[in-house]
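Asks: Here it is: the structure, laid out below.
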Amino acid sequence: PSPGRAIPRTDSGAIRFDVGDPMPALRADDGPRTARSRGGGGAAKAAFTGDLQLLAVPDLLEFLKSSRRTGTLVVTSESGIGAVNLKGGNITGAASPGSTNLGELLKREGLVDEEQLATLSDGDSGKAQLLGSMLVSKGLVEPAQIRSALTKQVQSAIIEMLHWTAGRFAFEREAANESSDAIEIVLDTQGVLLDALREFDELNRSLSAPGRCS
């Protein structure tokens, strides 16, 4: 599965907060516990969890940016599950039910075809950054084109999650991993939010424009 689409599994269990964590009005009782598969590692408890009615996605991302958190924010709603990966408060990946994976984005741009993707995936697409690295190593695309596609994926996922006003969230802290062969993006969270909110507002205005047929 592509990055962010491999959503952490949720199961029942209590969440314990970090001492001194400034997140307001978060409940530690009967919240979800997130677990991510790591090579040779086990499950990790979420650092905090809560309701979207108390803290919306923009507020969560602003907090994670200001506190320079590294980990994964998982958001659940009636529309599905979304995830945002962060490193030092900056966004390194995101996906939601409606976001397009890296392979599809590159196909839309005419940079790769289905046969090339099938050859590389070998039945398992893996992380999108690793797929991007393989495409670059074979000379099929440039690193800048991979980063551009990953950025578009992040933007579309964040825009979709802005519509989610009811649901739950959980943040799982992780140690920063500096050693990787994957092509990574590091996007300023505030910049991504500003662009997403602008597109969100433009979409809402176009939907409510006089004379528009539903």
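All residue names refer to the structure tokens as shown: chains lettered A, B, ... in order, residues numbered from 1 in each chain, ligands numbered from 1 in order.
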Which residues, written as a VMD selection string, have at least one atom at most 7 Å from segment 161-166 of chain A, with only C-alpha atoms counted and residues fewer than 6 positions away on the same chain left out?

Replies: chain A and resid 52 to 53 56 to 57 77

Asks: Using DSSP assignments from the backbone, pull out every residue in segment 110-173 of chain A that falls under strand (DSSP E or B) and give it to me as a list in words.

Replies: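 Selection result, strand (DSSP E or B) within segment 110-173 of chain A: Arg168, Phe169, Ala170, Phe171, Glu172 and Arg173 of chain A.
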
Asks: Using the selection just defined, write its residues with C-alpha atoms as a CSV table (one decimal), in the first residue's frame.

Replies:
chain,number,residue,atom,x,y,z
A,168,ARG,CA,-11.9,10.7,16.1
A,169,PHE,CA,-8.2,11.4,15.9
A,170,ALA,CA,-5.1,9.7,17.4
A,171,PHE,CA,-1.4,10.7,17.1
A,172,GLU,CA,1.3,8.2,17.4
A,173,ARG,CA,4.8,9.5,18.1

Asks: List as number ranges by chain the protein and nucleic acid residues near Gly88 of chain A, meaning an atom at most 6 Å away when only C-alpha atoms are counted, but skip any in the same chain fewer than 4 places from it.

Replies: A: 68-70

Asks: Just asking: which residues within segment 113-189 of chain A are helix (DSSP H, G or I) according to DSSP, as a PyMOL selection string?

Replies: chain A and resi 114-121+128-137+143-162+189

Asks: Create the file for the chosen residues now, containing C-alpha atoms and written as a PDB file, in the first residue's frame.

Replies:
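Result file follows (result31.pdb):
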ATOM      1  CA  GLU A 114       0.557   0.568 -16.437  1.00  0.00           C
ATOM      2  CA  GLU A 115       3.082  -1.980 -17.681  1.00  0.00           C
ATOM      3  CA  GLN A 116       6.014  -0.134 -16.120  1.00  0.00           C
ATOM      4  CA  LEU A 117       4.205   0.143 -12.792  1.00  0.00           C
ATOM      5  CA  ALA A 118       3.205  -3.524 -12.828  1.00  0.00           C
ATOM      6  CA  THR A 119       6.810  -4.558 -13.437  1.00  0.00           C
ATOM      7  CA  LEU A 120       8.054  -2.521 -10.496  1.00  0.00           C
ATOM      8  CA  SER A 121       5.256  -3.314  -8.058  1.00  0.00           C
ATOM      9  CA  ALA A 128       5.172   5.385  -2.619  1.00  0.00           C
ATOM     10  CA  GLN A 129       8.549   6.945  -1.827  1.00  0.00           C
ATOM     11  CA  LEU A 130      10.229   3.595  -2.498  1.00  0.00           C
ATOM     12  CA  LEU A 131       8.277   3.201  -5.733  1.00  0.00           C
ATOM     13  CA  GLY A 132       9.455   6.675  -6.686  1.00  0.00           C
ATOM     14  CA  SER A 133      13.060   5.728  -5.958  1.00  0.00           C
ATOM     15  CA  MET A 134      12.773   2.666  -8.193  1.00  0.00           C
ATOM     16  CA  LEU A 135      11.306   4.731 -11.018  1.00  0.00           C
ATOM     17  CA  VAL A 136      14.126   7.266 -10.694  1.00  0.00           C
ATOM     18  CA  SER A 137      16.821   4.576 -10.557  1.00  0.00           C
ATOM     19  CA  PRO A 143      13.207  13.068  -8.530  1.00  0.00           C
ATOM     20  CA  ALA A 144      11.481  16.454  -8.862  1.00  0.00           C
ATOM     21  CA  GLN A 145       8.569  14.800 -10.657  1.00  0.00           C
ATOM     22  CA  ILE A 146       8.168  12.262  -7.855  1.00  0.00           C
ATOM     23  CA  ARG A 147       8.196  14.996  -5.211  1.00  0.00           C
ATOM     24  CA  SER A 148       5.660  17.012  -7.192  1.00  0.00           C
ATOM     25  CA  ALA A 149       3.296  14.036  -7.367  1.00  0.00           C
ATOM     26  CA  LEU A 150       3.703  13.269  -3.653  1.00  0.00           C
ATOM     27  CA  THR A 151       2.963  16.919  -2.865  1.00  0.00           C
ATOM     28  CA  LYS A 152      -0.253  16.743  -4.887  1.00  0.00           C
ATOM     29  CA  GLN A 153      -1.252  13.622  -2.978  1.00  0.00           C
ATOM     30  CA  VAL A 154      -0.704  15.408   0.339  1.00  0.00           C
ATOM     31  CA  GLN A 155      -2.670  18.451  -0.777  1.00  0.00           C
ATOM     32  CA  SER A 156      -5.683  16.454  -1.962  1.00  0.00           C
ATOM     33  CA  ALA A 157      -5.722  14.396   1.243  1.00  0.00           C
ATOM     34  CA  ILE A 158      -5.605  17.458   3.490  1.00  0.00           C
ATOM     35  CA  ILE A 159      -8.394  19.153   1.506  1.00  0.00           C
ATOM     36  CA  GLU A 160     -10.587  16.086   1.909  1.00  0.00           C
ATOM     37  CA  MET A 161      -9.945  15.889   5.653  1.00  0.00           C
ATOM     38  CA  LEU A 162     -10.902  19.556   6.066  1.00  0.00           C
ATOM     39  CA  THR A 189       2.642  22.445   7.490  1.00  0.00           C
TER      40      THR A 189
END

Asks: For Gly89 of chain A, which residue among A:Lys107, A:Leu64, A:Leu203, A:Val112 is the nearest when counting only C-alpha atoms?

Replies: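 For Gly89 of chain A, the nearest of the given residues is A:Leu64.
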
Asks: Restricting the calculation to only C-alpha atoms: of A:Leu111, A:Val186, A:Val74, A:Ala95, which residue gets closest to Leu60 of chain A?

Replies: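 Closest candidate: A:Val74.
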
Asks: Can you tell me how far atom CA of Leu194 of chain A sits from atom CA of Pro97 of chain A, in Å to one decimal?

Replies: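 Calculated distance between atom CA of Leu194 of chain A and atom CA of Pro97 of chain A is 21.5 Å.
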
Asks: Pick out the residues sitting within 12 Å of Asn177 of chain A, and hand them over as a list in words; count only C-alpha atoms, and ignore anything fewer than 3 positions along from it in its own chain.

Replies: Thr70, Gly71, Leu86, Lys87, Gly88, Thr92, Glu174, Ser180, Asp181, Ala182 and Glu184 of chain A

Asks: Write the selection just made, keeping N, CA and C atoms, as a compact mmCIF listing (two decimals), in the first residue's frame?

Replies:
# COMPACT_ATOMS: atom_id res chain seq x y z
N THR A 70 6.99 14.38 15.61
CA THR A 70 7.29 13.39 14.57
C THR A 70 6.43 12.17 14.83
N GLY A 71 5.68 11.75 13.81
CA GLY A 71 4.81 10.60 13.97
C GLY A 71 3.69 10.62 12.95
N LEU A 86 4.27 13.13 9.81
CA LEU A 86 4.99 14.36 10.13
C LEU A 86 6.40 14.05 10.62
N LYS A 87 7.29 14.99 10.37
CA LYS A 87 8.67 14.89 10.84
C LYS A 87 9.10 16.27 11.33
N GLY A 88 9.29 16.39 12.63
CA GLY A 88 9.64 17.68 13.19
C GLY A 88 8.56 18.73 12.97
N THR A 92 5.34 14.99 5.77
CA THR A 92 6.13 14.19 4.84
C THR A 92 5.27 13.24 4.01
N GLU A 174 6.74 8.83 16.76
CA GLU A 174 7.76 7.93 16.24
C GLU A 174 9.11 8.64 16.28
N SER A 180 17.35 6.37 4.91
CA SER A 180 16.34 5.83 4.01
C SER A 180 16.75 6.09 2.58
N ASP A 181 16.44 5.11 1.72
CA ASP A 181 16.72 5.27 0.30
C ASP A 181 15.52 5.87 -0.43
N ALA A 182 14.44 6.11 0.29
CA ALA A 182 13.23 6.62 -0.34
C ALA A 182 13.38 8.10 -0.68
N GLU A 184 11.94 11.52 -0.36
CA GLU A 184 11.05 12.11 0.63
C GLU A 184 10.69 13.54 0.27

Asks: What separation in Å, quoted to one decimal, exists between atom CA of Phe200 of chain A and atom CA of Ser67 of chain A?

Replies: 25.4 Å

Asks: Pick from A:Leu140, A:Gly191, A:Ser96, A:Pro58: nearest to Gly80 of chain A, with only C-alpha atoms counted?

Replies: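 Ranking A:Leu140, A:Gly191, A:Ser96, A:Pro58 by distance to Gly80 of chain A, first place goes to A:Ser96.
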
Asks: Expressed in Å to a single decimal, how great is the separation between atom CA of Asp51 of chain A and atom CA of Gly167 of chain A?

Replies: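 For atom CA of Asp51 of chain A relative to atom CA of Gly167 of chain A, the distance reads 5.9 Å.
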